[in-house]
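Engineer: Contents of input-v6.tsv (TSV, C-alpha atoms and all ligand atoms) are given next:
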chain	number	residue	atom	x	y	z
A	1	MET	CA	84.33	124.73	110.55
A	2	THR	CA	86.02	121.40	109.93
A	3	LYS	CA	84.19	119.05	107.61
A	4	SER	CA	83.12	115.77	109.17
A	5	CYS	CA	82.38	113.83	106.00
A	6	CYS	CA	83.98	113.26	102.59
A	7	ASP	CA	83.59	116.17	100.17
A	8	ALA	CA	82.97	113.72	97.32
A	9	CYS	CA	81.01	110.65	98.47
A	10	LYS	CA	79.80	112.11	101.83
A	11	SER	CA	81.08	109.08	103.79
A	12	ASP	CA	82.23	109.69	107.37
A	13	ASN	CA	84.94	107.02	106.92
A	14	ILE	CA	87.65	109.71	106.72
A	15	HIS	CA	90.94	110.35	108.54
A	16	PRO	CA	93.37	113.30	108.72
A	17	ILE	CA	96.83	112.82	107.17
A	18	TYR	CA	98.53	116.25	107.39
A	19	HIS	CA	98.00	119.49	109.28
A	20	LEU	CA	99.06	123.06	108.45
A	21	PRO	CA	97.81	125.38	111.20
A	22	ARG	CA	98.80	128.64	109.44
A	23	ILE	CA	99.13	129.06	105.68
A	24	PRO	CA	98.15	131.83	103.23
A	25	ALA	CA	94.59	131.58	101.94
A	26	PHE	CA	96.06	132.40	98.51
A	27	GLN	CA	99.51	131.09	97.60
A	28	ASN	CA	99.71	133.00	94.34
A	29	LEU	CA	98.96	136.46	95.71
A	30	LEU	CA	102.06	138.57	96.36
A	31	PHE	CA	101.95	142.04	97.91
A	32	PRO	CA	103.69	145.34	97.10
A	33	THR	CA	104.68	145.95	100.74
A	34	ALA	CA	105.91	143.65	103.50
A	35	GLU	CA	103.25	144.95	105.86
A	36	GLU	CA	100.41	144.09	103.48
A	37	ALA	CA	101.95	140.65	103.00
A	38	ARG	CA	102.05	140.03	106.76
A	39	ASN	CA	98.37	140.95	106.99
A	40	ALA	CA	97.31	138.60	104.19
A	41	PRO	CA	94.34	136.31	104.86
A	42	VAL	CA	95.30	133.29	106.98
A	43	ALA	CA	93.90	129.81	106.46
A	44	LYS	CA	94.63	126.28	107.57
A	45	VAL	CA	94.81	122.84	106.08
A	46	ILE	CA	93.63	119.59	107.60
A	47	LEU	CA	94.38	117.22	104.75
A	48	THR	CA	91.91	114.39	105.03
A	49	ALA	CA	91.56	111.13	103.12
A	50	CYS	CA	88.36	109.20	102.46
A	51	SER	CA	88.70	105.43	102.81
A	52	ASP	CA	85.53	104.79	100.80
A	53	CYS	CA	86.19	106.69	97.54
A	54	GLY	CA	89.90	107.62	97.69
A	55	PHE	CA	89.26	111.36	97.65
A	56	VAL	CA	91.70	113.62	99.53
A	57	PHE	CA	90.56	117.06	100.63
A	58	ASN	CA	91.19	119.92	103.03
A	59	ALA	CA	88.59	119.48	105.77
A	60	ALA	CA	89.41	123.02	107.00
A	61	PHE	CA	88.99	124.72	103.61
A	62	ASN	CA	87.38	128.13	104.03
A	63	ALA	CA	85.59	129.16	100.84
A	64	ASP	CA	84.71	132.55	102.35
A	65	LEU	CA	88.38	133.56	102.04
A	66	MET	CA	88.57	132.77	98.35
A	67	GLU	CA	87.75	135.44	95.84
A	68	TYR	CA	89.58	135.16	92.55
A	69	ASN	CA	90.19	138.38	90.66
A	70	GLY	CA	92.57	139.89	88.12
A	71	ASN	CA	95.38	140.18	90.72
A	72	TYR	CA	95.59	136.41	90.88
A	73	GLN	CA	98.92	135.43	89.29
A	74	ASN	CA	99.19	131.73	88.73
A	75	SER	CA	100.47	131.56	85.19
A	76	GLN	CA	103.78	129.88	84.44
A	77	GLU	CA	103.81	130.89	80.79
A	78	ASN	CA	107.07	132.80	81.16
A	79	SER	CA	108.80	129.45	80.98
A	80	GLN	CA	109.59	127.77	77.66
A	81	ASN	CA	109.30	124.46	79.45
A	82	PHE	CA	105.75	125.23	80.49
A	83	GLN	CA	104.86	126.34	76.97
A	84	ASN	CA	106.07	122.97	75.76
A	85	HIS	CA	103.75	121.35	78.29
A	86	LEU	CA	100.78	123.37	76.98
A	87	GLY	CA	101.64	122.25	73.46
A	88	ASN	CA	101.75	118.63	74.58
A	89	VAL	CA	98.33	118.87	76.27
A	90	ALA	CA	96.92	120.62	73.20
A	91	ASP	CA	98.24	117.78	71.00
A	92	ILE	CA	96.45	115.18	73.16
A	93	ILE	CA	93.17	117.11	73.09
A	94	MET	CA	93.39	117.83	69.35
A	95	SER	CA	93.86	114.13	68.62
A	96	SER	CA	90.39	113.48	70.11
A	97	LEU	CA	88.53	116.46	68.63
A	98	ALA	CA	86.42	116.00	65.53
A	99	PRO	CA	86.36	118.89	63.00
A	100	ASN	CA	83.98	121.74	63.95
A	101	GLU	CA	83.43	120.53	67.51
A	102	LYS	CA	82.18	123.16	69.93
A	103	VAL	CA	84.54	123.42	72.88
A	104	VAL	CA	84.14	125.25	76.20
A	105	GLU	CA	87.09	125.93	78.49
A	106	ILE	CA	85.99	126.45	82.10
A	107	GLY	CA	88.58	128.37	84.12
A	108	CYS	CA	90.66	129.53	81.16
A	109	GLY	CA	92.75	131.91	83.33
A	110	LYS	CA	94.69	134.42	81.26
A	111	ALA	CA	93.73	132.41	78.15
A	112	PHE	CA	97.18	131.18	77.08
A	113	PHE	CA	95.90	127.66	76.45
A	114	PHE	CA	92.64	128.99	75.05
A	115	GLU	CA	94.58	131.00	72.44
A	116	GLU	CA	96.76	127.99	71.68
A	117	LEU	CA	93.63	126.04	70.71
A	118	ARG	CA	92.18	129.03	68.83
A	119	ASN	CA	95.39	129.23	66.82
A	120	ARG	CA	94.89	125.59	65.92
A	121	GLY	CA	91.44	126.42	64.54
A	122	VAL	CA	89.30	125.17	67.45
A	123	ASP	CA	85.78	126.62	67.85
A	124	ILE	CA	86.04	127.54	71.54
A	125	ILE	CA	84.56	129.84	74.17
A	126	GLY	CA	85.84	130.38	77.70
A	127	PHE	CA	84.69	131.23	81.22
A	128	ASP	CA	86.90	132.77	83.90
A	129	PRO	CA	86.35	135.66	86.33
A	130	THR	CA	90.14	136.30	86.44
A	131	TYR	CA	90.45	136.78	82.66
A	132	GLU	CA	92.07	140.17	81.96
A	133	GLY	CA	91.82	140.45	78.17
A	134	ASN	CA	89.15	141.68	75.79
A	135	SER	CA	88.20	138.60	73.81
A	136	PRO	CA	84.42	138.53	73.29
A	137	LEU	CA	84.73	134.72	73.32
A	138	ILE	CA	85.56	134.70	77.04
A	139	LYS	CA	82.98	135.50	79.70
A	140	LYS	CA	84.45	136.92	82.91
A	141	VAL	CA	82.17	134.85	85.14
A	142	TYR	CA	82.12	131.43	86.77
A	143	PHE	CA	80.46	128.69	84.73
A	144	ASN	CA	77.26	127.53	86.41
A	145	GLU	CA	73.67	126.64	85.65
A	146	GLU	CA	72.83	130.29	85.04
A	147	THR	CA	75.82	131.34	82.93
A	148	GLY	CA	76.04	127.96	81.18
A	149	ARG	CA	72.43	127.99	80.04
A	150	ASN	CA	72.02	127.60	76.26
A	151	ILE	CA	75.70	126.73	75.86
A	152	SER	CA	76.19	123.84	73.50
A	153	ALA	CA	79.47	122.00	73.84
A	154	SER	CA	80.62	118.59	72.74
A	155	THR	CA	83.88	118.97	74.68
A	156	ILE	CA	84.60	120.70	77.98
A	157	ILE	CA	88.13	121.50	79.08
A	158	MET	CA	89.09	122.27	82.69
A	159	ARG	CA	92.77	122.84	83.25
A	160	HIS	CA	93.93	123.38	86.83
A	161	THR	CA	90.45	124.40	87.84
A	162	LEU	CA	88.76	121.39	89.46
A	163	GLU	CA	91.30	121.33	92.31
A	164	HIS	CA	90.01	124.81	93.28
A	165	ILE	CA	86.33	123.88	93.37
A	166	GLU	CA	84.82	122.67	96.63
A	167	ALA	CA	82.80	119.44	96.35
A	168	PRO	CA	84.20	118.67	92.87
A	169	TYR	CA	82.17	115.50	92.35
A	170	ASP	CA	78.95	117.49	92.91
A	171	PHE	CA	80.29	120.07	90.45
A	172	LEU	CA	80.88	117.39	87.80
A	173	LEU	CA	77.39	115.99	88.38
A	174	SER	CA	75.90	119.46	87.89
A	175	LEU	CA	78.03	119.91	84.76
A	176	LYS	CA	76.63	116.66	83.41
A	177	GLY	CA	73.14	118.04	84.13
A	178	ILE	CA	73.88	121.31	82.29
A	179	VAL	CA	75.66	120.07	79.16
A	180	GLY	CA	74.52	116.43	79.00
A	181	GLY	CA	76.13	113.00	79.23
A	182	SER	CA	77.23	112.92	75.59
A	183	THR	CA	79.79	115.66	76.30
A	184	ARG	CA	83.44	114.70	76.59
A	185	ILE	CA	85.50	116.28	79.35
A	186	PHE	CA	89.23	116.86	79.70
A	187	ILE	CA	90.39	117.63	83.23
A	188	GLU	CA	94.01	118.54	83.97
A	189	ILE	CA	94.97	118.46	87.65
A	190	PRO	CA	97.96	117.62	89.86
A	191	ARG	CA	98.37	113.88	90.54
A	192	PHE	CA	98.22	113.07	94.23
A	193	GLU	CA	100.28	109.93	93.58
A	194	TRP	CA	103.19	112.16	92.48
A	195	ILE	CA	102.86	114.27	95.65
A	196	VAL	CA	102.95	111.15	97.85
A	197	GLU	CA	105.80	109.48	95.95
A	198	HIS	CA	107.94	112.63	96.22
A	199	ARG	CA	106.80	113.53	99.74
A	200	ALA	CA	106.02	116.93	98.19
A	201	PHE	CA	104.54	118.73	101.21
A	202	TRP	CA	105.12	122.00	99.31
A	203	ASP	CA	102.32	120.97	96.93
A	204	ILE	CA	99.62	121.16	99.61
A	205	PHE	CA	97.92	124.57	99.68
A	206	HIS	CA	94.76	126.17	101.00
A	207	GLU	CA	93.95	127.21	97.42
A	208	HIS	CA	93.47	123.56	96.55
A	209	PRO	CA	90.60	122.13	98.56
A	210	ASN	CA	90.96	118.90	96.53
A	211	TYR	CA	93.68	116.35	95.73
A	212	PHE	CA	92.99	113.73	93.09
A	213	SER	CA	94.42	110.31	92.42
A	214	GLU	CA	94.04	108.30	89.24
A	215	ASP	CA	92.18	105.77	91.36
A	216	PHE	CA	89.57	108.36	92.33
A	217	PHE	CA	88.84	109.23	88.69
A	218	ASN	CA	88.65	105.57	87.76
A	219	GLY	CA	86.07	105.24	90.54
A	220	ILE	CA	83.84	108.16	89.60
A	221	PHE	CA	83.97	107.52	85.84
A	222	SER	CA	83.01	103.86	86.24
A	223	GLY	CA	86.48	102.65	85.18
A	224	LYS	CA	86.11	104.30	81.77
A	225	ALA	CA	88.30	107.40	82.17
A	226	ARG	CA	91.43	107.59	80.05
A	227	ILE	CA	94.29	109.05	82.04
A	228	HIS	CA	97.24	110.74	80.34
A	229	ARG	CA	100.15	111.50	82.67
A	230	VAL	CA	101.74	114.80	81.67
A	231	PHE	CA	104.34	117.31	82.91
A	232	SER	CA	106.75	114.58	84.06
A	233	ASP	CA	103.87	112.78	85.80
A	234	GLN	CA	103.20	115.74	88.15
A	235	TYR	CA	99.86	116.31	86.41
A	236	MET	CA	97.31	114.12	84.72
A	237	LEU	CA	94.91	114.86	81.91
A	238	VAL	CA	91.74	112.88	82.51
A	239	GLU	CA	89.64	112.23	79.41
A	240	ALA	CA	86.12	110.91	79.99
A	241	MET	CA	82.51	111.09	78.87
A	242	LEU	CA	80.27	112.88	81.36
A	243	GLY	CA	77.75	110.10	80.72
A	244	ASP	CA	80.16	107.69	82.44
A	245	LEU	CA	80.15	109.77	85.63
A	246	ALA	CA	78.57	107.58	88.31
A	247	ASP	CA	75.43	109.10	89.85
A	248	THR	CA	76.39	107.76	93.28
A	249	LEU	CA	79.70	106.60	94.78
A	250	PRO	CA	79.32	103.31	96.65
A	251	PRO	CA	82.19	102.44	99.08
A	252	ARG	CA	85.13	100.55	97.57
A	253	THR	CA	88.66	99.60	98.59
A	254	CYS	CA	91.02	102.56	98.25
A	255	VAL	CA	94.66	103.38	98.92
A	256	LYS	CA	95.22	104.12	102.61
A	257	TYR	CA	97.35	107.20	103.30
A	258	GLU	CA	99.12	107.69	106.63
A	259	ASP	CA	101.50	110.36	107.93
A	260	ILE	CA	103.17	111.18	104.61
A	261	PHE	CA	105.29	114.29	105.12
A	262	SER	CA	106.87	114.61	108.58
A	263	ASN	CA	110.25	113.03	107.73
A	264	GLU	CA	110.61	115.24	104.67
A	265	ILE	CA	109.77	118.44	106.55
A	266	GLN	CA	112.32	117.50	109.22
A	267	HIS	CA	114.95	116.93	106.51
A	268	PHE	CA	114.54	120.41	105.02
A	269	ASP	CA	114.23	122.02	108.44
A	270	THR	CA	117.67	120.64	109.31
A	271	LEU	CA	119.15	121.96	106.05
A	272	LEU	CA	117.76	125.45	106.63
A	273	SER	CA	119.02	125.61	110.21
A	274	LYS	CA	122.65	125.52	109.06
A	275	ASN	CA	124.49	128.82	108.89
A	276	GLY	CA	124.52	129.62	105.19
A	277	ARG	CA	122.28	131.83	103.10
A	278	ASN	CA	119.19	130.19	101.63
A	279	PHE	CA	117.39	131.13	98.43
A	280	ILE	CA	114.27	129.66	96.89
A	281	TRP	CA	113.72	129.72	93.13
A	282	GLY	CA	110.04	130.00	92.25
A	283	ALA	CA	107.51	132.31	93.95
A	284	GLY	CA	104.62	130.19	92.77
A	285	ALA	CA	102.45	128.14	95.07
A	286	LYS	CA	105.22	125.62	95.82
A	287	GLY	CA	107.80	128.21	96.88
A	288	VAL	CA	105.29	130.14	98.97
A	289	ALA	CA	104.19	126.96	100.76
A	290	PHE	CA	107.81	125.90	101.36
A	291	ALA	CA	108.68	129.33	102.82
A	292	ASN	CA	105.59	129.46	105.03
A	293	ILE	CA	106.07	125.96	106.41
A	294	LEU	CA	109.83	126.11	107.01
A	295	ASP	CA	110.53	129.79	107.64
A	296	PRO	CA	107.39	131.48	108.99
A	297	ASP	CA	109.43	134.28	110.64
A	298	ALA	CA	111.53	134.92	107.50
A	299	THR	CA	114.79	134.50	109.40
A	300	ARG	CA	116.36	131.66	107.40
A	301	ILE	CA	115.48	132.26	103.73
A	302	GLN	CA	116.97	135.44	102.22
A	303	ALA	CA	114.72	135.78	99.19
A	304	ILE	CA	112.53	134.02	96.70
A	305	ILE	CA	113.67	134.39	93.11
A	306	ASP	CA	111.21	134.52	90.23
A	307	ILE	CA	111.45	135.45	86.56
A	308	ASN	CA	107.87	136.79	86.49
A	309	PRO	CA	108.22	140.61	86.54
A	310	ARG	CA	104.78	140.94	88.15
A	311	LYS	CA	106.01	139.06	91.21
A	312	GLN	CA	109.38	140.77	91.54
A	313	GLU	CA	109.74	143.49	94.20
A	314	HIS	CA	106.67	142.04	95.90
A	315	PHE	CA	106.37	140.11	99.16
A	316	VAL	CA	105.17	136.61	99.99
A	317	SER	CA	101.90	136.20	101.90
A	318	LEU	CA	102.29	136.08	105.71
A	319	THR	CA	106.08	135.57	105.86
A	320	ALA	CA	106.87	138.72	103.78
A	321	HIS	CA	109.93	137.14	102.15
A	322	PRO	CA	110.97	139.44	99.28
A	323	CYS	CA	110.57	138.18	95.72
A	324	LEU	CA	113.49	139.27	93.55
A	325	SER	CA	114.55	139.01	89.95
A	326	PRO	CA	117.57	136.71	89.42
A	327	GLU	CA	119.65	139.76	88.47
A	328	LYS	CA	119.28	141.12	92.02
A	329	VAL	CA	121.46	138.35	93.47
A	330	ASP	CA	125.20	138.16	92.86
A	331	TRP	CA	125.29	134.40	92.43
A	332	THR	CA	129.06	134.31	92.14
A	333	THR	CA	129.42	135.41	95.79
A	334	LEU	CA	127.57	132.38	97.14
A	335	THR	CA	129.72	129.81	98.92
A	336	GLU	CA	129.40	126.10	99.55
A	337	LYS	CA	127.61	126.94	102.81
A	338	ASP	CA	124.75	128.55	100.87
A	339	TYR	CA	121.74	126.71	99.45
A	340	LEU	CA	119.51	127.28	96.46
A	341	PHE	CA	116.23	125.36	96.49
A	342	ILE	CA	114.63	125.02	93.06
A	343	MET	CA	110.96	124.37	93.62
A	344	ASN	CA	110.19	122.46	90.43
A	345	ASP	CA	112.50	119.98	88.76
A	346	ARG	CA	110.78	120.64	85.43
A	347	TYR	CA	112.48	124.05	85.34
A	348	ALA	CA	115.80	123.14	86.94
A	349	ASP	CA	117.78	122.76	83.72
A	350	GLU	CA	116.68	126.08	82.25
A	351	ILE	CA	117.23	127.85	85.60
A	352	LEU	CA	120.73	126.47	86.12
A	353	ALA	CA	121.64	127.21	82.50
A	354	SER	CA	120.71	130.87	83.09
A	355	LEU	CA	123.04	131.27	86.10
A	356	PRO	CA	126.81	131.75	86.29
A	357	LYS	CA	128.95	129.02	87.81
A	358	MET	CA	128.17	128.93	91.52
A	359	ALA	CA	129.76	127.38	94.59
A	360	CYS	CA	126.47	126.99	96.48
A	361	LYS	CA	124.61	123.70	96.87
A	362	VAL	CA	121.52	123.31	94.72
A	363	PHE	CA	118.54	121.24	95.77
A	364	VAL	CA	115.95	120.40	93.14
A	365	LEU	CA	112.70	119.59	94.88
A	366	GLY	CA	110.69	116.73	93.51
A	367	LYS	CA	113.68	115.32	91.68
A	368	ASP	CA	113.87	112.45	94.10
A	369	LYS	CA	112.65	111.66	97.58
A	370	GLN	CA	114.77	114.23	99.39
A	371	GLY	CA	115.59	116.86	96.80
A	372	ILE	CA	118.65	116.03	94.77
A	373	GLN	CA	121.82	117.98	95.25
A	374	THR	CA	123.62	119.02	92.09
B	1	ZN	ZN	84.67	109.70	99.83
Please lay out the structure from this file as structure tokens.
Structural biologist:
Amino acid sequence: MTKSCCDACKSDNIHPIYHLPRIPAFQNLLFPTAEEARNAPVAKVILTACSDCGFVFNAAFNADLMEYNGNYQNSQENSQNFQNHLGNVADIIMSSLAPNEKVVEIGCGKAFFFEELRNRGVDIIGFDPTYEGNSPLIKKVYFNEETGRNISASTIIMRHTLEHIEAPYDFLLSLKGIVGGSTRIFIEIPRFEWIVEHRAFWDIFHEHPNYFSEDFFNGIFSGKARIHRVFSDQYMLVEAMLGDLADTLPPRTCVKYEDIFSNEIQHFDTLLSKNGRNFIWGAGAKGVAFANILDPDATRIQAIIDINPRKQEHFVSLTAHPCLSPEKVDWTTLTEKDYLFIMNDRYADEILASLPKMACKVFVLGKDKQGIQT
């Protein structure tokens, strides 16, 4: 059922800005056979903006489809570049932590960041149902009133978690109720401003019911949130006191979003309809969205390349594009008619450095408005 009011402030002053009628429920789930991939759960996106609080959300989000488990592969830790990013975020957080602070990480995933903080001597516990390890410090459950009872924390960390939680403002209010207003929170999420500036339609997924702007956080934290832009401005780390979270969200003047992606989709559609071979680098959420939007029948993109061995020899949800290791492609045979689309400019340098000299055209998505050609 499509939502008829804002998922944050509950206003009905909302308008749709982008529509995806058929998209995988999970972007980060790949399948061992093409048939299983084609039968993956289907979802849709009606990206909707609220004019009263600036929140952007998927009005067609279907929570019933979403069950996170150990098969969920969203980690990017195979990349040195991403490890550098984790170190940078850890530096920012450490600079605010007092000695002996009790820290809770909600949604700690496979615990890479959690272990980074542990190695720096932080007193931390974690919550995540997708955690696969054996650390007694991590509970394999969602954090809620029940599981969070008797937890004392002076700092909460949520990295790439809040964008997965329906009604995130209500969640933050309940968090404030559980741990108290004197608790500091760090929230790392994608920046919607970056998506709009780069016309990055490949960053809109069913897995993310929410899209956050700096303006939205300034609104809900009464203008007192400190916002650190990280990961080349694609993400932001919001630092705030839960006590500054407004108990209600009165209407205010917000950025007005219109049709933001159609020219960009047309641009890439034209590129893919030429006669060469097309490859995507990156079978993460961005690559899977790009493939599903522009090549739903898997007739134009040969393969999606990924360095994560757990994704290789698997198939992309719905389209069943194969995911291959870079070694499976003879890059030297590509010609100037062939295209390689690198899904994240943060990794472009390390990817291109790992490949032999190639004749194909390379597009780095997000590098500029229309994907730069190198
Ligand atoms: Zn709203």
Engineer: One number please: CA of Met94 in chain A to CA of Leu117 in chain A, in Å, one decimal.
Structural biologist: 8.3 Å
Engineer: Could you tell me which of A:Tyr169, A:Tyr339, A:Trp194, A:Tyr257 comes closest to ligand ZN 1 (chain B) if we count only C-alpha atoms and all ligand atoms?
Structural biologist: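 Of A:Tyr169, A:Tyr339, A:Trp194, A:Tyr257, the one nearest ligand ZN 1 (chain B), counting only C-alpha atoms and all ligand atoms, is A:Tyr169.
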Engineer: List the neighbours of Lys328 in chain A out to 10 Å using all atoms listed in the file; skip same-chain residues closer than 3 positions along the sequence, and give me the result as a compact mmCIF listing (two decimals) with C-alpha atoms, in the frame of the given file.
Structural biologist:
# COMPACT_ATOMS: atom_id res chain seq x y z
CA ILE A 305 113.67 134.39 93.11
CA GLN A 312 109.38 140.77 91.54
CA CYS A 323 110.57 138.18 95.72
CA LEU A 324 113.49 139.27 93.55
CA SER A 325 114.55 139.01 89.95
CA TRP A 331 125.29 134.40 92.43
Engineer: Neighbouring residues of ligand ZN 1 (chain B) are defined here as those with any atom at most 6 Å from a ligand atom, counting all atoms listed in the file; list them as a PDB file with C-alpha atoms, in the coordinates of the input.
Structural biologist:
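Output below, filename result25.pdb:
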ATOM      1  CA  CYS A   6      83.980 113.260 102.590  1.00  0.00           C
ATOM      2  CA  ALA A   8      82.970 113.720  97.320  1.00  0.00           C
ATOM      3  CA  CYS A   9      81.010 110.650  98.470  1.00  0.00           C
ATOM      4  CA  LYS A  10      79.800 112.110 101.830  1.00  0.00           C
ATOM      5  CA  SER A  11      81.080 109.080 103.790  1.00  0.00           C
ATOM      6  CA  CYS A  50      88.360 109.200 102.460  1.00  0.00           C
ATOM      7  CA  ASP A  52      85.530 104.790 100.800  1.00  0.00           C
ATOM      8  CA  CYS A  53      86.190 106.690  97.540  1.00  0.00           C
ATOM      9  CA  PHE A  55      89.260 111.360  97.650  1.00  0.00           C
TER      10      PHE A  55
END
Engineer: Out of A:Ala90, A:Met66, A:Met343, A:Ile14, which residue has the shortest atom-to-atom distance to Cys254 in chain A when counting all atoms listed in the file?
Structural biologist: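 Closest to Cys254 in chain A of all the choices is A:Ile14.
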Engineer: Extending 5 Å beyond the listed atoms of range 228-247 of chain A on each side, what axis-aligned box results? I want centre and edge lengths in Å to one decimal, as AutoDock Vina command-line options.
Structural biologist:
--center_x 91.1 --center_y 112.4 --center_z 84.4 --size_x 41.3 --size_y 19.7 --size_z 21.0
Engineer: As a list in words, please: the residues near Ser354 in chain A (cut-off 10 Å, only C-alpha atoms, same-chain neighbours under 5 positions excluded).
Structural biologist: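 Contacts, with the query itself left out: Pro326, Ala348 and Asp349 of chain A.
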Engineer: Just the residues within 6 Å of range 127-132 of chain A, please, counting only C-alpha atoms, with nothing from its chain fewer than 4 positions along; format it as a PDB file with C-alpha atoms, keeping the file's coordinate frame.
Structural biologist:
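Writing done, so here's around_35.pdb:
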ATOM      1  CA  ASN A  69      90.190 138.380  90.660  1.00  0.00           C
ATOM      2  CA  GLY A  70      92.570 139.890  88.120  1.00  0.00           C
ATOM      3  CA  ILE A 106      85.990 126.450  82.100  1.00  0.00           C
ATOM      4  CA  GLY A 107      88.580 128.370  84.120  1.00  0.00           C
ATOM      5  CA  CYS A 108      90.660 129.530  81.160  1.00  0.00           C
ATOM      6  CA  GLY A 109      92.750 131.910  83.330  1.00  0.00           C
ATOM      7  CA  LYS A 110      94.690 134.420  81.260  1.00  0.00           C
ATOM      8  CA  ILE A 138      85.560 134.700  77.040  1.00  0.00           C
ATOM      9  CA  LYS A 139      82.980 135.500  79.700  1.00  0.00           C
ATOM     10  CA  LYS A 140      84.450 136.920  82.910  1.00  0.00           C
ATOM     11  CA  VAL A 141      82.170 134.850  85.140  1.00  0.00           C
ATOM     12  CA  TYR A 142      82.120 131.430  86.770  1.00  0.00           C
TER      13      TYR A 142
END
Engineer: Write out as a list in words which residues come within 6 Å of range 32-39 of chain A when counting only C-alpha atoms, dropping same-chain ones fewer than 2 positions away.
Structural biologist: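 My list of contacting residues is His314, Phe315, Val316, Ser317, Leu318 and Ala320 of chain A.
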Engineer: Using all atoms listed in the file, which of A:Asp330, A:Glu193, A:Glu163, A:Glu258 sits nearest Phe57 in chain A?
Structural biologist: A:Glu163
Engineer: A:Lys274, A:Lys3, A:Arg191, A:Lys176: which is nearest Gln234 in chain A, counting all atoms listed in the file?
Structural biologist: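 When distances to Gln234 in chain A are compared using all atoms listed in the file, the smallest one comes from A:Arg191.
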Engineer: May I ask for the distance between CA of Asp297 in chain A and CA of Thr335 in chain A, given in Å to one decimal place?
Structural biologist: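 Rounded to one decimal, the two atoms are 23.9 Å apart.
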Engineer: Would you mind listing what lies within 7 Å of range 261-273 of chain A as a list in words, with only C-alpha atoms counted and same-chain residues fewer than 3 positions away left out?
Structural biologist: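 These residues fall inside the cut-off: Arg199, Phe201, Leu294, Arg300 and Gln370 of chain A.
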Engineer: Closest to Ala63 in chain A among A:Lys102, A:His206, A:Arg229, A:Arg149, using only C-alpha atoms?
Structural biologist: A:His206
Engineer: Ranking A:Leu340, A:Ile304, A:Met158, A:Ile165 by minimum distance to Cys360 in chain A and counting all atoms listed in the file, which one comes first?
Structural biologist: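 The closest residue to Cys360 in chain A is A:Leu340.
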Engineer: In Å, how far is it from CA of Glu67 in chain A to CA of His85 in chain A?
Structural biologist: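 Separation of CA of Glu67 in chain A and CA of His85 in chain A: 27.6 Å.
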